[in-house]
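Q: Sharing a structure, written as C-alpha cells. Questions coming.
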Amino acid sequence: MSLKSIYQEVILDHNRKPRNYGSLDYPTHHAVGHNPLCGDRINLDINMPDGRIEQIAFHGESCAICKASCSMMTAAVKGKSRQEAEAMVQEFREMVMSESNQSFDHLGRLKVLAGVRDLPTRVKCAILPWHTLHAAMNSVLSASTENDEDHVVKLAVNNH
Amino acid sequence: MKIVDALLTPSVQHTASEMERFRADFPILDIKVGDKPLVYLDNAASSQMPQAVIDCLVRYQTTQHANIHRAVHHLSGLATQEYEAARRKLQYFVHAREEREIIFTSGTTDSINLVMHGYGRKFIQSGDEIILTALEHHSNIVPWQMLAEEKGAHIRVVPINDAGELLVEEYEKLFNPRTRFVALSHVSNALGTINPVKQMIAIAHQHGVPVLVDGAQAAPHMKIDVQDLDCDFYAFSAHKLYGPTGVGMLYGKAHLLESMQPFKGGGDMIASVTFEKTIYNEIPYKFEAGTPPIAAVIGFGAAIDYLNHIGLDAIAAYEHELLDYASEQIKIIPGVHIMGDCPDKVAVISFVIDGIHPHDVGTLLNQEGIAVRTGHHCAQPIMQRFNVAATSRASFAFYNTKSEVDALIAGIRSVQKVFAL
C-alpha cells in the first residue's frame, strides 16, 4: 500500500466527522491514551455494565490517523462483548504491526488502516486508541465516584 | 539595531548562484525519496556532511587511526596531532583566548551535563537559584532540574512574549542574592529566535553570576565570539554544523574550568593514580576521560575548515534571504500560522496549519520528498506557551534554495488539498 493511500477518503471522513465523539455521563470504564512523541491524547469512556460494550465515546486531540482509528474502533466494538473486543485489539495490533500477508478481511473497514505498516513512525498513532481501549476495559472505575485518576497508556516511543 | 542586522554585513559575500554551487559539495542532497528529489529542511535536527568531511573521515580511518595521547609510535603521534589541531580550529572558530578552554564532549547535551556536574554540583547549594528561559531545549532544562532536585535549589524561568522573544526586563527582576547560575540558549531550536545573550550575560555578571550559553542552534548560522559575548560557558554539537554525530564542544573560561570537579573519571584525565590518591590532569584533559571519538573530532575540525572557506557571515546573509522569502510565502497561505514570528531569527520556521495535525503534515510532505520536523522539538514548555501540542518546523541551511522553498509552499498547499480545507 502506498503512502498516499493512508489518507484516503474513509480516513479523512472519520477525521472530519468522528463517530461516537464526546463523553459519557456515567461511564463504567475510562482511560486516557497519550503519545508523548506528538502530544496525542485520547479520552475514552465506555459503558459496559454486563461485560458488553453498550456505549462508547471518545474525545481528545490527535492526528488524523489516530482520530480515524479511534472513530472506526468505537463503531466496531459497540455492542461487542469484552472478550470479542479484546480479540479485536489483538487482531488490529497484528494487522498494523505484522509483516505477514495474511488476510485481515474479517476486520472489515478497519483494513484501510493496514497502510500504516509502511509508515513505521505512524504505527503508534493508529494503535493508540486500541491500547486505550484495552486499558479502559481492564480497569473498572466506578462512574459514581469523583476519582479522576487517569489510566494513562504511555506508549514506548522515542521521546527525545 | 536588530541583532540580525549586525550579522548581515558580510565581509565575504557570495551571490545566490555562488551559494548554490556549494550545494554540490553535499552528495546526499542528490538522493530521491520515492520518485521525488529530496528537499531537506530538517537542518536544525541534524545537517548533512560535505564531501570534504566525509573524505577526511575516510582518510583518517584509512591511514591515520590509533589511540591518542598514549603511545610513542607513528600513528598515535599522527592521530594526536590531528586531534589537537581540531581543538585549535575550534578555539579560533569561537575566538577563545586559549586552546585549553576547548573541551571535546559527545555533544551539546554532554557539554551541559559536564557543567552541571563539574560546576553545579560543586558550587550550587540548597536554596540557591538557577535561571533558565522559556525557550530552552529539554537538554538545557532537565540537567538543571536534576541538580535542583539533588541540592534543593530552585529553577526560575525567563518568560517570552507572543512573538517568541525573551522578556529581558522580567529576566532582570529574577536576580536576587541566591541566584547562582544562568543557562540560556543563544537561538531557540523550536522557533529560531536569536536571544540577546550579550546583554543578558552582562546583566548576570553585574550580579556576579556565571552564564552557560547553549549554542547548538546558533553556531551553524552566525559567527560566535565567546570573548565578545563574555559568556562563561558555550556549548554546541558538530552534527548540526556539517560535521559527524557523537561529538561536540564545550568552551569554558580557564579559571572556571580549573575550579571545577571532573565529570567522568578514567584514563587520560589523570596526572597520576595510586590507590590512595589520584591527581587529575590539567584542563582540558581533566574533562576528557576515556578514548574520545577521535575520527569524529577530526571530522569536526574538517567541518570548521569547510565553514571558514565559505564564511559564516556569507552563510548568515544568504540564509536570511531564504528565511525572508519562505516567511513571506508561508504567510500568504490562508490557514497557516508561523509560531514565534519575530525580527531576530535564524532560518527556522515553526508553523501550524488550521485543522491539520503536524504529524499528518509531516507524513504528507514526506510523500513530496520534503523532510521537515514535526512534534514538540524537545521543547515542550514552548509548545505549552503557545497552547499547541506540536508544530511543523522547516529549518534551512546554506545549501537550500529558493526553489526548495517553492516546493515546501506547494507541499503545504497540497496537504491542505488532501484535507480539503
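Letters A, B, ... mark the chains of the C-alpha cells in the order given; residue numbers begin at 1 per chain; ligand numbers begin at 1, in order shown.
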Show me, as an MDAnalysis selection string, the residues that have an atom within 8 Å of B:Gln217 when counting only C-alpha atoms, minus same-chain residues fewer than 2 positions from it.
A: chainID B and resid 44 186:189 192 214:215 219:221 236 240
Q: As a list in words, please: every residue in stretch 228-284 of chain B that DSSP puts in strand (DSSP E).
A: Phe233, Tyr234, Ala235, Phe236, Ser237, Gly248, Met249, Leu250, Tyr251, Gly252, Ile270, Ala271, Ser272, Val273, Thr278, Ile279 and Tyr280 of chain B
Q: In chain A, what's helix (DSSP H, G or I) per DSSP? Answer as a VMD selection string?
A: chain A and resid 3 to 6 9 to 16 64 to 77 82 to 97 105 to 118 120 to 137
Q: Can you work out which residues from chain B touch chain A at a cut-off of 7 Å (counting only C-alpha atoms) and hand them back as a list in words?
A: His357, His359, Asp360, Gln367, Gly375, His376, Cys378, Ala389, Ala390 and Phe419 of chain B
Q: Kindly give the distance, in Å, that separates atom CA of B:Arg59 and atom CA of B:Pro27, rounded to a single decimal.
A: 17.4 Å
Q: Name the residues in contact with B:Ala216 at a cut-off of 12 Å, using only C-alpha atoms, excluding same-chain residues fewer than 2 positions from it; report them as a ChimeraX atom specification.
A: /B:43-47,107-112,136-137,139-140,184-190,192,194,213-214,218-222,224,234-241,247-250
Q: Could you pull the residues within 9 Å of B:Tyr119, counting only C-alpha atoms, minus those fewer than 3 positions along the same chain, as an NGL selection string?
A: :B and (114-116 or 122-124 or 256-257 or 259-261)
Q: Report as a list in words all protein, DNA and RNA residues lying within 10 Å of B:Phe300, evaluated on only C-alpha atoms, omitting residues in the same chain fewer than 2 positions from it.
A: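 Result of the neighbour search: Val53, Cys56, Leu57, Tyr83, Ala86, Arg87, Lys89, Leu90, Ser237, Ala238, His239, Leu241, Tyr242, Gly243, Pro244, Thr245, Val247, Gly248, Met249, Ile294, Ala295, Ala296, Val297, Ile298, Ala302, Ala303, Ile304, Asp305 and Tyr306 of chain B.
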Q: Find the residue from A:Ile11, A:Leu44, A:Ala87, A:Ala75 that sits nearest to A:Val116; use only C-alpha atoms when measuring.
A: A:Ile11
Q: Could you pull the residues within 8 Å of B:Met269, counting only C-alpha atoms, minus those fewer than 2 positions along the same chain, as a list in words?
A: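 Listing them by chain and then by number gives Gly265, Gly266, Gly267, Ala271, Tyr280, Asn281, Glu282, Tyr285, Lys286, Phe287, Glu288, Ala289 and Gly290 of chain B.
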Q: Check which residues of stretch 52-147 of chain B sit at most 7 Å from stretch 173-182 of chain B using only C-alpha atoms, and return one row each with the closest pair of atoms and their distance in Å to one decimal, ordered by chain and rising number, as a Markdown table.
A:
```
| residue | atom | partner | partner_atom | distance |
| --- | --- | --- | --- | --- |
| B:Ile124 | CA | B:Arg180 | CA | 6.7 |
| B:Asp128 | CA | B:Arg178 | CA | 4.8 |
| B:Glu129 | CA | B:Thr179 | CA | 4.5 |
| B:Ile130 | CA | B:Phe181 | CA | 4.9 |
| B:Ile131 | CA | B:Val182 | CA | 4.7 |
| B:Leu132 | CA | B:Val182 | CA | 6.1 |
```
Q: Restricting the calculation to only C-alpha atoms, which member of B:Ala316, B:Ala79, B:Ile330, B:Val346 is positioned closest to B:Asn195?
A: B:Val346
Q: Kindly give the distance, in Å, that separates atom CA of B:Ala71 and atom CA of B:Ser272, rounded to a single decimal.
A: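 The value is 16.7 Å.
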Q: Name the closest residue to A:His131 among the candidates A:Phe92, A:Phe58, A:Phe104, A:Tyr21; distances are taken between atoms, counting only C-alpha atoms.
A: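 Counting only C-alpha atoms, the residue closest to A:His131 is A:Phe92.
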Q: Find the spatial neighbours of stretch 109-112 of chain A, counting only C-alpha atoms, within a cut-off of 8 Å - ignore same-chain residues fewer than 2 positions away - and output them as a list in words.
A: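 My list of contacting residues is Ile6, Val10, Ile11, Ser69, Met72, Met73, Phe104, Asp105, Leu107, Ala114 and Gly115 of chain A.
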Q: Restricting the output to C-alpha atoms, write the selected residues as a PDB file, in the first residue's frame.
A:
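Okay, this is what ended up in out.pdb:
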```
ATOM      1  CA  ILE A   6      -3.386   6.015   4.046  1.00  0.00           C
ATOM      2  CA  VAL A  10     -12.663   6.878   4.570  1.00  0.00           C
ATOM      3  CA  ILE A  11      -9.921   8.055   6.952  1.00  0.00           C
ATOM      4  CA  SER A  69      -8.597   4.778  14.024  1.00  0.00           C
ATOM      5  CA  MET A  72     -13.652   3.368  13.489  1.00  0.00           C
ATOM      6  CA  MET A  73     -12.755   1.400  16.609  1.00  0.00           C
ATOM      7  CA  PHE A 104      -7.453  -9.251   7.642  1.00  0.00           C
ATOM      8  CA  ASP A 105     -10.724  -9.242   5.733  1.00  0.00           C
ATOM      9  CA  LEU A 107     -11.673  -6.617  10.259  1.00  0.00           C
ATOM     10  CA  ALA A 114      -3.252  -1.535   7.455  1.00  0.00           C
ATOM     11  CA  GLY A 115      -1.364   1.007   5.312  1.00  0.00           C
TER      12      GLY A 115
END
```
Q: Looking at A:Ala68, A:Met48, A:Val77, A:Val89, which one is nearest to A:Thr132, with distances taken over only C-alpha atoms?
A: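 Distance minimum relative to A:Thr132 lands on A:Val89.
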